[in-house]
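Coordinates as given in query28.cif (mmCIF, C-alpha atoms):
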```
data_protein
#
loop_
_atom_site.label_atom_id
_atom_site.label_comp_id
_atom_site.auth_asym_id
_atom_site.auth_seq_id
_atom_site.Cartn_x
_atom_site.Cartn_y
_atom_site.Cartn_z
CA MET B 1 -10.24 13.05 8.01
CA ASN B 2 -10.19 9.33 8.87
CA LYS B 3 -7.27 7.08 8.02
CA LEU B 4 -8.91 5.54 4.97
CA GLU B 5 -9.61 8.94 3.44
CA LYS B 6 -6.08 10.05 4.31
CA LEU B 7 -4.69 6.95 2.62
CA LYS B 8 -6.76 7.60 -0.51
CA GLN B 9 -5.75 11.25 -0.53
CA GLY B 10 -2.07 10.32 -0.39
CA LYS B 11 -2.60 8.00 -3.38
CA LEU B 12 0.73 6.14 -2.98
CA ILE B 13 1.54 3.21 -0.69
CA ALA B 14 5.17 2.14 -0.44
CA VAL B 15 5.71 -1.62 -0.09
CA ILE B 16 8.78 -2.41 2.01
CA ARG B 17 9.87 -5.99 1.34
CA GLY B 18 13.18 -7.66 2.13
CA ALA B 19 14.46 -4.92 4.42
CA ARG B 20 16.53 -5.44 7.54
CA PRO B 21 14.91 -4.27 10.78
CA ASP B 22 17.46 -1.46 11.13
CA GLN B 23 16.49 -0.09 7.70
CA ILE B 24 12.79 0.43 8.35
CA VAL B 25 12.88 3.79 10.16
CA PRO B 26 15.48 5.31 7.75
CA ILE B 27 13.36 4.11 4.81
CA ALA B 28 10.23 5.62 6.35
CA ARG B 29 12.06 8.91 6.90
CA ALA B 30 13.36 9.01 3.33
CA LEU B 31 9.90 8.27 1.93
CA LYS B 32 8.26 10.91 4.09
CA GLU B 33 10.75 13.49 2.86
CA GLY B 34 9.83 12.46 -0.67
CA GLY B 35 6.12 12.96 -0.08
CA ILE B 36 5.02 9.34 0.50
CA ASN B 37 3.44 8.95 3.91
CA THR B 38 1.82 5.51 3.74
CA LEU B 39 3.97 2.42 4.01
CA GLU B 40 3.44 -1.30 4.19
CA ILE B 41 5.90 -3.54 6.02
CA THR B 42 5.58 -7.13 4.85
CA VAL B 43 5.08 -9.66 7.63
CA GLU B 44 8.06 -11.84 6.75
CA THR B 45 10.26 -8.95 7.92
CA PRO B 46 12.00 -10.00 11.16
CA LYS B 47 10.41 -8.40 14.25
CA VAL B 48 7.62 -6.93 12.12
CA CYS B 49 5.32 -6.21 15.08
CA THR B 50 8.06 -4.38 16.94
CA LEU B 51 8.91 -2.41 13.79
CA ILE B 52 5.33 -1.27 13.26
CA GLU B 53 5.29 -0.04 16.86
CA LYS B 54 8.62 1.72 16.33
CA VAL B 55 7.47 3.51 13.18
CA LYS B 56 4.34 4.79 14.93
CA GLU B 57 6.39 5.93 17.93
CA GLU B 58 8.85 7.73 15.66
CA PHE B 59 6.42 9.42 13.25
CA GLY B 60 3.00 9.34 14.91
CA ASP B 61 0.20 10.42 12.60
CA ASP B 62 2.67 11.68 9.98
CA ILE B 63 2.97 8.12 8.71
CA ILE B 64 0.22 5.56 8.10
CA ALA B 65 1.87 2.19 8.77
CA GLY B 66 0.35 -1.15 7.84
CA ALA B 67 1.29 -4.78 7.35
CA GLY B 68 1.52 -6.64 4.06
CA THR B 69 1.53 -10.20 2.77
CA VAL B 70 -1.00 -11.09 5.47
CA LEU B 71 -2.39 -14.49 4.50
CA ASP B 72 -4.56 -15.43 7.48
CA PRO B 73 -6.67 -13.90 10.25
CA GLU B 74 -4.25 -14.92 13.01
CA THR B 75 -1.45 -12.89 11.48
CA ALA B 76 -3.83 -9.99 10.87
CA ARG B 77 -4.79 -9.87 14.53
CA ALA B 78 -1.16 -10.00 15.69
CA VAL B 79 -0.07 -7.02 13.60
CA ILE B 80 -3.23 -5.06 14.39
CA MET B 81 -2.45 -5.46 18.08
CA ALA B 82 1.01 -4.02 17.30
CA GLY B 83 -0.59 -0.95 15.72
CA ALA B 84 -0.96 -1.81 12.03
CA GLU B 85 -3.38 0.69 10.53
CA PHE B 86 -4.21 -1.35 7.45
CA ILE B 87 -3.89 -4.96 6.33
CA PHE B 88 -2.62 -5.78 2.85
CA SER B 89 -2.96 -9.27 1.38
CA PRO B 90 -1.83 -10.63 -2.00
CA THR B 91 -4.88 -12.93 -2.07
CA LEU B 92 -8.53 -13.01 -1.06
CA ASN B 93 -9.20 -14.58 2.34
CA VAL B 94 -12.65 -13.75 3.67
CA GLU B 95 -11.75 -14.63 7.27
CA THR B 96 -8.82 -12.21 7.15
CA ILE B 97 -11.17 -9.45 5.99
CA LYS B 98 -13.58 -10.25 8.83
CA MET B 99 -10.81 -10.22 11.43
CA THR B 100 -9.46 -6.92 10.13
CA LYS B 101 -12.86 -5.23 10.18
CA ARG B 102 -13.65 -6.70 13.62
CA TYR B 103 -10.88 -4.49 15.00
CA GLY B 104 -11.84 -1.45 12.95
CA THR B 105 -8.77 -1.62 10.71
CA ILE B 106 -8.54 -0.87 6.99
CA SER B 107 -8.83 -4.04 4.89
CA ILE B 108 -7.06 -4.18 1.51
CA PRO B 109 -7.14 -7.75 0.17
CA GLY B 110 -5.64 -8.79 -3.12
CA ALA B 111 -7.88 -9.90 -5.99
CA PHE B 112 -7.59 -10.25 -9.74
CA THR B 113 -10.83 -11.39 -11.35
CA PRO B 114 -14.15 -9.52 -11.26
CA THR B 115 -15.61 -12.32 -9.11
CA GLU B 116 -12.78 -12.06 -6.55
CA ILE B 117 -13.03 -8.27 -6.50
CA LEU B 118 -16.80 -8.31 -5.89
CA THR B 119 -16.49 -11.05 -3.26
CA ALA B 120 -13.90 -9.05 -1.34
CA TYR B 121 -16.05 -5.92 -1.47
CA GLU B 122 -19.19 -7.76 -0.38
CA HIS B 123 -17.33 -9.05 2.69
CA GLY B 124 -16.29 -5.59 3.82
CA ALA B 125 -13.00 -4.79 2.14
CA ASP B 126 -12.33 -1.04 2.09
CA LEU B 127 -10.12 -1.07 -0.97
CA ILE B 128 -9.26 -3.88 -3.38
CA LYS B 129 -5.65 -4.44 -4.41
CA VAL B 130 -5.59 -5.70 -7.98
CA PHE B 131 -2.51 -7.89 -8.11
CA PRO B 132 -0.46 -8.41 -10.21
CA ALA B 133 -1.58 -5.24 -11.95
CA ASP B 134 1.02 -5.20 -14.70
CA ALA B 135 -0.12 -8.59 -16.02
CA LEU B 136 -2.97 -7.00 -17.98
CA GLY B 137 -2.13 -3.31 -17.59
CA ALA B 138 -4.16 -0.14 -17.18
CA GLY B 139 -6.64 -1.23 -19.83
CA TYR B 140 -7.83 -3.97 -17.49
CA PHE B 141 -8.62 -1.34 -14.85
CA LYS B 142 -10.67 0.63 -17.35
CA ASN B 143 -12.63 -2.50 -18.23
CA LEU B 144 -13.26 -3.34 -14.57
CA LYS B 145 -14.61 0.12 -13.82
CA GLY B 146 -17.37 -0.40 -16.39
CA PRO B 147 -19.40 -3.04 -14.50
CA LEU B 148 -17.88 -2.28 -11.08
CA PRO B 149 -17.67 1.53 -10.91
CA HIS B 150 -18.53 1.65 -7.20
CA ILE B 151 -15.64 -0.54 -6.03
CA PRO B 152 -12.39 1.29 -5.16
CA LEU B 153 -9.43 -0.39 -6.83
CA MET B 154 -5.68 0.05 -6.56
CA PRO B 155 -2.96 -1.57 -8.67
CA THR B 156 0.06 -3.26 -7.12
CA GLY B 157 2.78 -5.23 -8.85
CA GLY B 158 4.83 -3.72 -11.63
CA ILE B 159 3.82 -0.09 -11.05
CA THR B 160 6.51 2.25 -12.37
CA LEU B 161 7.11 5.90 -13.14
CA ASP B 162 6.14 5.12 -16.73
CA ASN B 163 2.74 3.52 -16.11
CA LEU B 164 1.51 5.09 -12.85
CA ALA B 165 -0.43 7.92 -14.49
CA ALA B 166 -2.16 5.49 -16.87
CA PHE B 167 -3.55 3.45 -13.98
CA PHE B 168 -4.95 6.56 -12.31
CA LYS B 169 -6.45 7.69 -15.59
CA ALA B 170 -8.12 4.27 -15.84
CA GLY B 171 -9.81 4.72 -12.47
CA ALA B 172 -7.40 3.62 -9.74
CA VAL B 173 -7.91 5.41 -6.40
CA ALA B 174 -4.42 4.59 -5.10
CA ALA B 175 -1.36 2.56 -6.10
CA GLY B 176 1.12 0.27 -4.38
CA LEU B 177 4.80 0.82 -5.18
CA GLY B 178 7.28 -1.99 -4.70
CA SER B 179 10.71 -2.58 -6.19
CA SER B 180 10.42 0.33 -8.63
CA LEU B 181 10.57 2.57 -5.56
CA ILE B 182 12.43 0.62 -2.86
CA ASN B 183 15.26 -1.90 -3.18
CA PRO B 184 16.54 -2.42 0.38
CA SER B 185 19.61 -4.34 -0.78
CA LYS B 186 20.85 -1.18 -2.50
CA LEU B 187 20.36 1.08 0.52
CA VAL B 188 23.85 1.19 1.96
CA SER B 189 24.98 4.79 2.21
CA GLU B 190 23.37 8.10 3.06
CA ALA B 191 23.46 8.91 -0.64
CA ASP B 192 21.33 5.83 -1.34
CA TYR B 193 18.63 7.08 1.02
CA THR B 194 18.80 10.50 -0.63
CA GLU B 195 18.22 8.79 -3.96
CA LEU B 196 15.23 6.98 -2.45
CA THR B 197 13.80 10.35 -1.42
CA ASN B 198 14.36 11.67 -4.94
CA THR B 199 12.58 8.67 -6.46
CA ALA B 200 9.67 9.15 -4.05
CA LYS B 201 9.49 12.79 -5.15
CA LYS B 202 9.21 11.69 -8.78
CA PHE B 203 6.27 9.40 -8.00
CA SER B 204 4.67 12.11 -5.87
CA ALA B 205 5.06 14.62 -8.68
CA ILE B 206 3.11 12.36 -11.05
CA VAL B 207 0.25 12.26 -8.57
CA LYS B 208 0.31 16.02 -8.08
CA ASP B 209 0.80 17.04 -11.69
CA ARG B 210 -1.22 14.41 -13.57
CA VAL B 211 -3.81 13.17 -11.09
CA LEU B 212 -4.73 15.76 -8.47
CA SER B 213 -4.53 18.61 -10.98
CA ARG B 214 -7.45 17.07 -12.91
CA ARG B 215 -9.87 17.51 -10.02
#
```

Let me see whether you can do it: turn the structure in this file into structure tokens.
Amino acid sequence: MNKLEKLKQGKLIAVIRGARPDQIVPIARALKEGGINTLEITVETPKVCTLIEKVKEEFGDDIIAGAGTVLDPETARAVIMAGAEFIFSPTLNVETIKMTKRYGTISIPGAFTPTEILTAYEHGADLIKVFPADALGAGYFKNLKGPLPHIPLMPTGGITLDNLAAFFKAGAVAAGLGSSLINPSKLVSEADYTELTNTAKKFSAIVKDRVLSRR
């Protein structure tokens, strides 16, 4: 199974934003224990390239680690050289897609309108991140899948335990989880990391019980 198929199979991508460098590995460990094995480290995180390398050294193929909030091809290349296995962007930048695909890495640009979504796909994006997904809700996904059934979409932004299943029912192939899963400022004690694992288990259970069980 290649990394893209593994990412799609896992369904959930954890977005780590605002974390201290020393929190990244403990967060990754807590998420893995909770059943979430794909994580995005946003590029404004201090020492992001070093942290991507560290996560891969620590967990190997047990974790798919990528970079997020990548706005330009130069940044994409830098994190790919550090080992990023996918590139997340909040916006559509064709040159960033081209750079990502040049190095054989998974491209997941952000888009919102049908025109942006199709443009990203036509330029080689592997998966389109519809952001912010909660602005129009799961019904928007259902409407998009009508004229664009062949384009793989994932919601990010405002995805919670309450609405996750609805997005999958509407046709999402994966979902990005941000602050509803991880709040680094509240990760202080061992008990906090245990709670993070428990929250990850709740999201994973939705995927297992309400999504994968329908296959």

Problem set entry | Polymer residues at most 10 Å from B:Glu95, all atoms listed in the file, same-chain spacing of 4 or more positions, as a ChimeraX atom specification | /B:71-74,76,99-101,123

Show me, as CSV, the residues of stretch 87-165 of chain B having an atom within 10 Å of stretch 34-58 of chain B, each with the closest atom pair and its distance in Å, using all atoms listed in the file.
```
residue,atom,partner,partner_atom,distance
B:Ile87,CA,B:Glu40,CA,8.5
B:Phe88,CA,B:Glu40,CA,7.7
B:Ser89,CA,B:Thr42,CA,9.5
```

Exercise. So what do you get for atom CA of B:Arg29 versus atom CA of B:Leu7, distance-wise?
Worked result: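 So the answer is 17.4 Å.
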
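Once B:Ser180 and its same-chain neighbours fewer than 6 positions away are set aside, Gly158, Ile159, Thr160 and Leu161 of chain B remain within 8 Å of it when counting all atoms listed in the file.
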
Exercise. Quick one: residues within 12 Å of B:Ala205, all atoms listed in the file counted, chain neighbours fewer than 3 positions away excluded, as a VMD selection string?
Worked result: chain B and resid 10 to 12 34 to 36 161 164 to 165 198 to 202 208 to 213

For this session: Name all residues at most 9 Å from B:Gly124 (count all atoms listed in the file; drop same-chain ones fewer than 4 positions away) and give them as a list in words.
Result: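 Here the answer would be Val94, Ile97, Lys98, Lys101, Ser107, Thr119 and Ala120 of chain B.
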
Problem set entry | Selected residue of minimal separation from B:Gly157 among B:Glu122, B:Asp61, B:Asp134, B:Asp22, counting only C-alpha atoms | B:Asp134

Exercise. Taking the file as shown, what set of residues would the PyMOL selection byres ((chain B and resi 156) around 12) give back, as a VMD selection string?
Worked result: chain B and resid 12 to 15 40 68 88 to 91 108 to 112 128 to 138 141 153 to 155 157 to 160 163 to 164 167 172 to 180

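Going from atom CA of B:Leu196 over to atom CA of B:Leu181, you cover 7.1 Å.
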
Problem set entry | Nearest candidate to B:Phe203 (options B:Leu31, B:Leu187, B:Leu92, B:Ile80; using all atoms listed in the file) |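 Of B:Leu31, B:Leu187, B:Leu92, B:Ile80, the one nearest B:Phe203 is B:Leu31, counting all atoms listed in the file.
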
For this session: Write out as a list in words which residues come within 9 Å of stretch 1-4 of chain B when counting all atoms listed in the file, dropping same-chain ones fewer than 2 positions away.
Result: Lys6, Leu7, Lys8, Gln9, Ile64, Glu85, Phe86, Ile106, Asp126 and Leu127 of chain B

Exercise. What is the distance between atom CA of B:Tyr103 and atom CA of B:Ala84, in Å to one decimal?
Worked result: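 Going from atom CA of B:Tyr103 over to atom CA of B:Ala84 covers 10.7 Å.
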
Grab all the atoms of stretch 43-62 of chain B that the file lists, wrap them in a box along x, y and z, add 4 Å per side, and give me centre plus edge lengths in Å (one decimal) as lines of an AutoDock Vina configuration file.
```
center_x = 6.1
center_y = -0.1
center_z = 12.3
size_x = 19.8
size_y = 31.5
size_z = 19.2
```

Hey, could you patch up stretch 158-175 of chain B with N, CA and C atoms and hand it over as an mmCIF file, in the frame of the given file?
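Result saved to out.cif:
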```cif
data_model
loop_
_atom_site.group_PDB
_atom_site.id
_atom_site.type_symbol
_atom_site.label_atom_id
_atom_site.label_comp_id
_atom_site.auth_asym_id
_atom_site.auth_seq_id
_atom_site.Cartn_x
_atom_site.Cartn_y
_atom_site.Cartn_z
ATOM 1 N N GLY B 158 4.387 -4.240 -10.346
ATOM 2 C CA GLY B 158 4.830 -3.720 -11.630
ATOM 3 C C GLY B 158 4.468 -2.276 -11.898
ATOM 4 N N ILE B 159 4.144 -1.509 -10.863
ATOM 5 C CA ILE B 159 3.820 -0.090 -11.050
ATOM 6 C C ILE B 159 5.106 0.715 -11.100
ATOM 7 N N THR B 160 5.272 1.504 -12.141
ATOM 8 C CA THR B 160 6.510 2.250 -12.370
ATOM 9 C C THR B 160 6.204 3.715 -12.648
ATOM 10 N N LEU B 161 7.270 4.490 -12.768
ATOM 11 C CA LEU B 161 7.110 5.900 -13.140
ATOM 12 C C LEU B 161 6.466 6.037 -14.519
ATOM 13 N N ASP B 162 6.657 5.054 -15.360
ATOM 14 C CA ASP B 162 6.140 5.120 -16.730
ATOM 15 C C ASP B 162 4.658 4.794 -16.838
ATOM 16 N N ASN B 163 4.140 3.930 -15.951
ATOM 17 C CA ASN B 163 2.740 3.520 -16.110
ATOM 18 C C ASN B 163 1.801 4.006 -15.007
ATOM 19 N N LEU B 164 2.330 4.662 -13.980
ATOM 20 C CA LEU B 164 1.510 5.090 -12.850
ATOM 21 C C LEU B 164 0.344 5.969 -13.287
ATOM 22 N N ALA B 165 0.615 6.987 -14.071
ATOM 23 C CA ALA B 165 -0.430 7.920 -14.490
ATOM 24 C C ALA B 165 -1.528 7.211 -15.267
ATOM 25 N N ALA B 166 -1.163 6.217 -16.073
ATOM 26 C CA ALA B 166 -2.160 5.490 -16.870
ATOM 27 C C ALA B 166 -3.144 4.743 -15.991
ATOM 28 N N PHE B 167 -2.660 4.171 -14.892
ATOM 29 C CA PHE B 167 -3.550 3.450 -13.980
ATOM 30 C C PHE B 167 -4.530 4.421 -13.296
ATOM 31 N N PHE B 168 -4.043 5.582 -12.909
ATOM 32 C CA PHE B 168 -4.950 6.560 -12.310
ATOM 33 C C PHE B 168 -5.973 7.053 -13.319
ATOM 34 N N LYS B 169 -5.536 7.259 -14.540
ATOM 35 C CA LYS B 169 -6.450 7.690 -15.590
ATOM 36 C C LYS B 169 -7.534 6.645 -15.834
ATOM 37 N N ALA B 170 -7.173 5.367 -15.624
ATOM 38 C CA ALA B 170 -8.120 4.270 -15.840
ATOM 39 C C ALA B 170 -9.053 4.041 -14.661
ATOM 40 N N GLY B 171 -8.866 4.805 -13.569
ATOM 41 C CA GLY B 171 -9.810 4.720 -12.470
ATOM 42 C C GLY B 171 -9.275 4.265 -11.133
ATOM 43 N N ALA B 172 -7.977 4.028 -11.023
ATOM 44 C CA ALA B 172 -7.400 3.620 -9.740
ATOM 45 C C ALA B 172 -7.540 4.747 -8.716
ATOM 46 N N VAL B 173 -7.807 4.397 -7.456
ATOM 47 C CA VAL B 173 -7.910 5.410 -6.400
ATOM 48 C C VAL B 173 -6.626 5.552 -5.619
ATOM 49 N N ALA B 174 -5.724 4.571 -5.754
ATOM 50 C CA ALA B 174 -4.420 4.590 -5.100
ATOM 51 C C ALA B 174 -3.540 3.595 -5.833
ATOM 52 N N ALA B 175 -2.259 3.516 -5.457
ATOM 53 C CA ALA B 175 -1.360 2.560 -6.100
ATOM 54 C C ALA B 175 -0.300 2.096 -5.106
#
```
